[in-house]
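Student: Encoded as structure tokens, here's the structure I'll be asking about.
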Amino acid sequence: MKNINGSCHCGKVSWKALSPIKTVVKCHCQNCRKLQGGDYSNWVVLAKEQFEISTGNELIAHYQFNERSQKSFCSVCGTVIFGINGKHFPEHKLISLGTIKDYNDSLKPQLEVYTENKAPWLE
């Protein structure tokens with residue numbers, strides 16, 4: 001299996017994951033919009049056993065925003081590293097697409113969710 005690698009903006013937290021990925025999700029829910037600070041968020045979904053923090057584990061802070069979901073981010077630069085969505089993807093980690101080192105066509109979102117909350121200016 002091929003490794004997927006990534007890091008936060010400041011580089012103090014890095015991670016690696018084994019492919020294959022389950023899916024790539026573009027999410028328009030209110031939680032993602034507020035927590036990511038944008039119109040939507042993109043997540044690479046994979047089994048939690050496939051994901052490992054390589055460096056900076058002690059720098060990761062967690063914010064649990066409901067009983068089943070949380071985001072984990074670098075406490076130095078604030079980059080969201082991964083999320084947990086126990087409602088839709090139990091037993092998985094949702095890796096923030098923007099943290100991946102080498103983008104490629106296989107990372108194009110395959111699933112778009114909560115489109116009823118989609119910002120009206122997005123096509």
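Following the order of the structure tokens, first chain is A, next is B, and so on, with residues numbered from 1 inside each chain and ligands from 1 in the order they appear.
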Where does DSSP see alpha helix (DSSP H) in segment 2-98 of chain A, if you list the residues as a PDB file with N, CA and C atoms, in the first residue's frame?
Tutor:
```pdb
ATOM      1  N   GLN A  30     -23.127  23.129   8.951  1.00  0.00           N
ATOM      2  CA  GLN A  30     -22.830  24.321   9.742  1.00  0.00           C
ATOM      3  C   GLN A  30     -21.602  24.126  10.628  1.00  0.00           C
ATOM      4  N   ASN A  31     -21.437  22.925  11.189  1.00  0.00           N
ATOM      5  CA  ASN A  31     -20.263  22.678  12.030  1.00  0.00           C
ATOM      6  C   ASN A  31     -18.978  22.832  11.236  1.00  0.00           C
ATOM      7  N   CYS A  32     -18.894  22.191  10.080  1.00  0.00           N
ATOM      8  CA  CYS A  32     -17.675  22.283   9.261  1.00  0.00           C
ATOM      9  C   CYS A  32     -17.415  23.715   8.818  1.00  0.00           C
ATOM     10  N   ARG A  33     -18.472  24.404   8.426  1.00  0.00           N
ATOM     11  CA  ARG A  33     -18.297  25.784   7.968  1.00  0.00           C
ATOM     12  C   ARG A  33     -17.719  26.658   9.088  1.00  0.00           C
ATOM     13  N   LYS A  34     -18.269  26.538  10.266  1.00  0.00           N
ATOM     14  CA  LYS A  34     -17.768  27.355  11.382  1.00  0.00           C
ATOM     15  C   LYS A  34     -16.373  26.915  11.836  1.00  0.00           C
ATOM     16  N   LEU A  35     -16.181  25.608  11.967  1.00  0.00           N
ATOM     17  CA  LEU A  35     -14.911  25.106  12.488  1.00  0.00           C
ATOM     18  C   LEU A  35     -13.752  25.286  11.507  1.00  0.00           C
ATOM     19  N   GLN A  36     -14.036  25.262  10.214  1.00  0.00           N
ATOM     20  CA  GLN A  36     -12.983  25.439   9.224  1.00  0.00           C
ATOM     21  C   GLN A  36     -12.854  26.892   8.778  1.00  0.00           C
TER      22      GLN A  36
END
```
Student: Excluding same-chain residues fewer than 2 positions from segment 2-12 of chain A, what lies within 10 Å of it counting only C-alpha atoms, as a PDB file with N, CA and C atoms, in the first residue's frame?
Tutor:
```pdb
ATOM      1  N   SER A  14       3.289  16.271  11.893  1.00  0.00           N
ATOM      2  CA  SER A  14       3.233  15.563  10.606  1.00  0.00           C
ATOM      3  C   SER A  14       2.563  14.215  10.830  1.00  0.00           C
ATOM      4  N   TRP A  15       2.040  13.662   9.754  1.00  0.00           N
ATOM      5  CA  TRP A  15       1.308  12.403   9.844  1.00  0.00           C
ATOM      6  C   TRP A  15       1.540  11.573   8.596  1.00  0.00           C
ATOM      7  N   LYS A  16       1.189  10.306   8.707  1.00  0.00           N
ATOM      8  CA  LYS A  16       1.220   9.425   7.539  1.00  0.00           C
ATOM      9  C   LYS A  16       0.011   8.503   7.628  1.00  0.00           C
ATOM     10  N   ALA A  17      -0.418   8.066   6.467  1.00  0.00           N
ATOM     11  CA  ALA A  17      -1.564   7.156   6.385  1.00  0.00           C
ATOM     12  C   ALA A  17      -1.328   6.185   5.251  1.00  0.00           C
ATOM     13  N   LEU A  18      -1.904   5.015   5.381  1.00  0.00           N
ATOM     14  CA  LEU A  18      -1.838   4.022   4.316  1.00  0.00           C
ATOM     15  C   LEU A  18      -3.097   4.101   3.470  1.00  0.00           C
ATOM     16  N   SER A  19      -2.918   4.036   2.163  1.00  0.00           N
ATOM     17  CA  SER A  19      -4.082   3.938   1.291  1.00  0.00           C
ATOM     18  C   SER A  19      -4.545   2.473   1.327  1.00  0.00           C
ATOM     19  N   PRO A  20      -5.714   2.153   0.885  1.00  0.00           N
ATOM     20  CA  PRO A  20      -6.623   3.012   0.135  1.00  0.00           C
ATOM     21  C   PRO A  20      -7.495   3.852   1.064  1.00  0.00           C
ATOM     22  N   ILE A  21      -7.951   4.967   0.523  1.00  0.00           N
ATOM     23  CA  ILE A  21      -8.886   5.800   1.261  1.00  0.00           C
ATOM     24  C   ILE A  21     -10.298   5.269   1.024  1.00  0.00           C
ATOM     25  N   GLN A  50      -5.370   3.141   9.815  1.00  0.00           N
ATOM     26  CA  GLN A  50      -4.492   3.503   8.703  1.00  0.00           C
ATOM     27  C   GLN A  50      -3.762   4.826   8.936  1.00  0.00           C
ATOM     28  N   PHE A  51      -4.107   5.543  10.006  1.00  0.00           N
ATOM     29  CA  PHE A  51      -3.596   6.884  10.249  1.00  0.00           C
ATOM     30  C   PHE A  51      -2.674   6.903  11.468  1.00  0.00           C
ATOM     31  N   GLU A  52      -1.579   7.637  11.346  1.00  0.00           N
ATOM     32  CA  GLU A  52      -0.619   7.721  12.448  1.00  0.00           C
ATOM     33  C   GLU A  52       0.045   9.094  12.462  1.00  0.00           C
ATOM     34  N   ILE A  53       0.139   9.685  13.642  1.00  0.00           N
ATOM     35  CA  ILE A  53       0.889  10.934  13.801  1.00  0.00           C
ATOM     36  C   ILE A  53       2.372  10.562  13.836  1.00  0.00           C
ATOM     37  N   SER A  54       3.171  11.200  12.981  1.00  0.00           N
ATOM     38  CA  SER A  54       4.611  10.919  12.908  1.00  0.00           C
ATOM     39  C   SER A  54       5.399  11.780  13.882  1.00  0.00           C
ATOM     40  N   THR A  55       5.100  13.069  13.911  1.00  0.00           N
ATOM     41  CA  THR A  55       5.788  13.988  14.824  1.00  0.00           C
ATOM     42  C   THR A  55       4.779  14.976  15.394  1.00  0.00           C
ATOM     43  N   GLY A  56       5.038  15.428  16.595  1.00  0.00           N
ATOM     44  CA  GLY A  56       4.236  16.481  17.197  1.00  0.00           C
ATOM     45  C   GLY A  56       2.944  16.044  17.861  1.00  0.00           C
ATOM     46  N   ASN A  57       2.817  14.773  18.190  1.00  0.00           N
ATOM     47  CA  ASN A  57       1.579  14.293  18.823  1.00  0.00           C
ATOM     48  C   ASN A  57       1.239  15.097  20.082  1.00  0.00           C
ATOM     49  N   LEU A  59       1.591  18.133  20.524  1.00  0.00           N
ATOM     50  CA  LEU A  59       1.121  19.471  20.144  1.00  0.00           C
ATOM     51  C   LEU A  59      -0.319  19.482  19.637  1.00  0.00           C
ATOM     52  N   ILE A  60      -0.926  18.309  19.528  1.00  0.00           N
ATOM     53  CA  ILE A  60      -2.288  18.242  19.010  1.00  0.00           C
ATOM     54  C   ILE A  60      -3.284  18.545  20.123  1.00  0.00           C
ATOM     55  N   PHE A  73      -6.311  19.581  16.110  1.00  0.00           N
ATOM     56  CA  PHE A  73      -5.542  20.588  15.380  1.00  0.00           C
ATOM     57  C   PHE A  73      -4.201  20.853  16.052  1.00  0.00           C
ATOM     58  N   CYS A  74      -3.297  21.438  15.274  1.00  0.00           N
ATOM     59  CA  CYS A  74      -1.989  21.829  15.806  1.00  0.00           C
ATOM     60  C   CYS A  74      -2.188  22.997  16.756  1.00  0.00           C
ATOM     61  N   SER A  75      -1.705  22.875  17.978  1.00  0.00           N
ATOM     62  CA  SER A  75      -1.868  23.936  18.973  1.00  0.00           C
ATOM     63  C   SER A  75      -0.924  25.114  18.720  1.00  0.00           C
ATOM     64  N   VAL A  76       0.022  24.951  17.803  1.00  0.00           N
ATOM     65  CA  VAL A  76       0.943  26.045  17.479  1.00  0.00           C
ATOM     66  C   VAL A  76       0.365  26.934  16.383  1.00  0.00           C
ATOM     67  N   CYS A  77      -0.012  26.336  15.237  1.00  0.00           N
ATOM     68  CA  CYS A  77      -0.476  27.139  14.099  1.00  0.00           C
ATOM     69  C   CYS A  77      -1.988  27.064  13.865  1.00  0.00           C
ATOM     70  N   GLY A  78      -2.685  26.142  14.516  1.00  0.00           N
ATOM     71  CA  GLY A  78      -4.134  26.050  14.394  1.00  0.00           C
ATOM     72  C   GLY A  78      -4.665  25.210  13.244  1.00  0.00           C
ATOM     73  N   THR A  79      -3.782  24.636  12.447  1.00  0.00           N
ATOM     74  CA  THR A  79      -4.231  23.810  11.324  1.00  0.00           C
ATOM     75  C   THR A  79      -5.001  22.593  11.812  1.00  0.00           C
ATOM     76  N   VAL A  80      -6.187  22.389  11.229  1.00  0.00           N
ATOM     77  CA  VAL A  80      -6.957  21.180  11.548  1.00  0.00           C
ATOM     78  C   VAL A  80      -6.271  19.998  10.879  1.00  0.00           C
ATOM     79  N   ILE A  81      -5.907  18.993  11.664  1.00  0.00           N
ATOM     80  CA  ILE A  81      -5.221  17.811  11.151  1.00  0.00           C
ATOM     81  C   ILE A  81      -6.239  16.733  10.794  1.00  0.00           C
ATOM     82  N   ILE A  95      -9.327  13.124   7.544  1.00  0.00           N
ATOM     83  CA  ILE A  95      -8.097  13.897   7.426  1.00  0.00           C
ATOM     84  C   ILE A  95      -8.390  15.159   6.618  1.00  0.00           C
ATOM     85  N   SER A  96      -7.959  16.294   7.130  1.00  0.00           N
ATOM     86  CA  SER A  96      -8.164  17.549   6.423  1.00  0.00           C
ATOM     87  C   SER A  96      -7.387  17.525   5.104  1.00  0.00           C
ATOM     88  N   LEU A  97      -8.112  17.642   4.004  1.00  0.00           N
ATOM     89  CA  LEU A  97      -7.504  17.516   2.669  1.00  0.00           C
ATOM     90  C   LEU A  97      -6.351  18.499   2.475  1.00  0.00           C
ATOM     91  N   GLY A  98      -6.479  19.690   3.019  1.00  0.00           N
ATOM     92  CA  GLY A  98      -5.442  20.708   2.842  1.00  0.00           C
ATOM     93  C   GLY A  98      -4.106  20.387   3.482  1.00  0.00           C
ATOM     94  N   THR A  99      -4.065  19.380   4.341  1.00  0.00           N
ATOM     95  CA  THR A  99      -2.801  19.027   5.003  1.00  0.00           C
ATOM     96  C   THR A  99      -1.984  18.012   4.213  1.00  0.00           C
ATOM     97  N   ILE A 100      -2.547  17.467   3.145  1.00  0.00           N
ATOM     98  CA  ILE A 100      -1.856  16.421   2.378  1.00  0.00           C
ATOM     99  C   ILE A 100      -0.723  17.017   1.550  1.00  0.00           C
ATOM    100  N   LYS A 101       0.425  16.363   1.606  1.00  0.00           N
ATOM    101  CA  LYS A 101       1.630  16.860   0.944  1.00  0.00           C
ATOM    102  C   LYS A 101       1.498  16.857  -0.578  1.00  0.00           C
ATOM    103  N   ASP A 102       1.094  15.766  -1.158  1.00  0.00           N
ATOM    104  CA  ASP A 102       1.039  15.646  -2.616  1.00  0.00           C
ATOM    105  C   ASP A 102      -0.390  15.411  -3.089  1.00  0.00           C
ATOM    106  N   TYR A 103      -1.025  16.488  -3.540  1.00  0.00           N
ATOM    107  CA  TYR A 103      -2.369  16.353  -4.113  1.00  0.00           C
ATOM    108  C   TYR A 103      -2.285  15.560  -5.408  1.00  0.00           C
TER     109      TYR A 103
END
```
Student: Which residues, written as a list in words, have at least one atom at most 8 Å from Asn85 of chain A, with only C-alpha atoms counted and residues fewer than 6 positions away on the same chain left out?
Tutor: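 Everything that qualifies: Arg68, Ser69, Gln70, His92, Lys93 and Leu94 of chain A.
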Student: Which residue gives the smallest distance to Val113 of chain A among A:His62, A:His88, A:Ala47, A:Gly38, with only C-alpha atoms counted?
Tutor: A:His88
Student: As a PyMOL selection string, list the residues of segment 28-90 of chain A assigned to strand (DSSP E) by DSSP on the backbone atoms of this structure.
Tutor: chain A and resi 41-47+51-55+60-64+69-74+80-85
Student: Nearest to Ala119 of chain A: which of A:Asp39, A:Asp105, A:Glu58, A:Glu49 is it, counting only C-alpha atoms?
Tutor: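 Comparing A:Asp39, A:Asp105, A:Glu58, A:Glu49 against Ala119 of chain A, the winner is A:Asp39.
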Student: Quick one: pull the distance between atom CA of Phe65 of chain A and atom CA of Phe82 of chain A, Å, one decimal.
Tutor: 13.7 Å
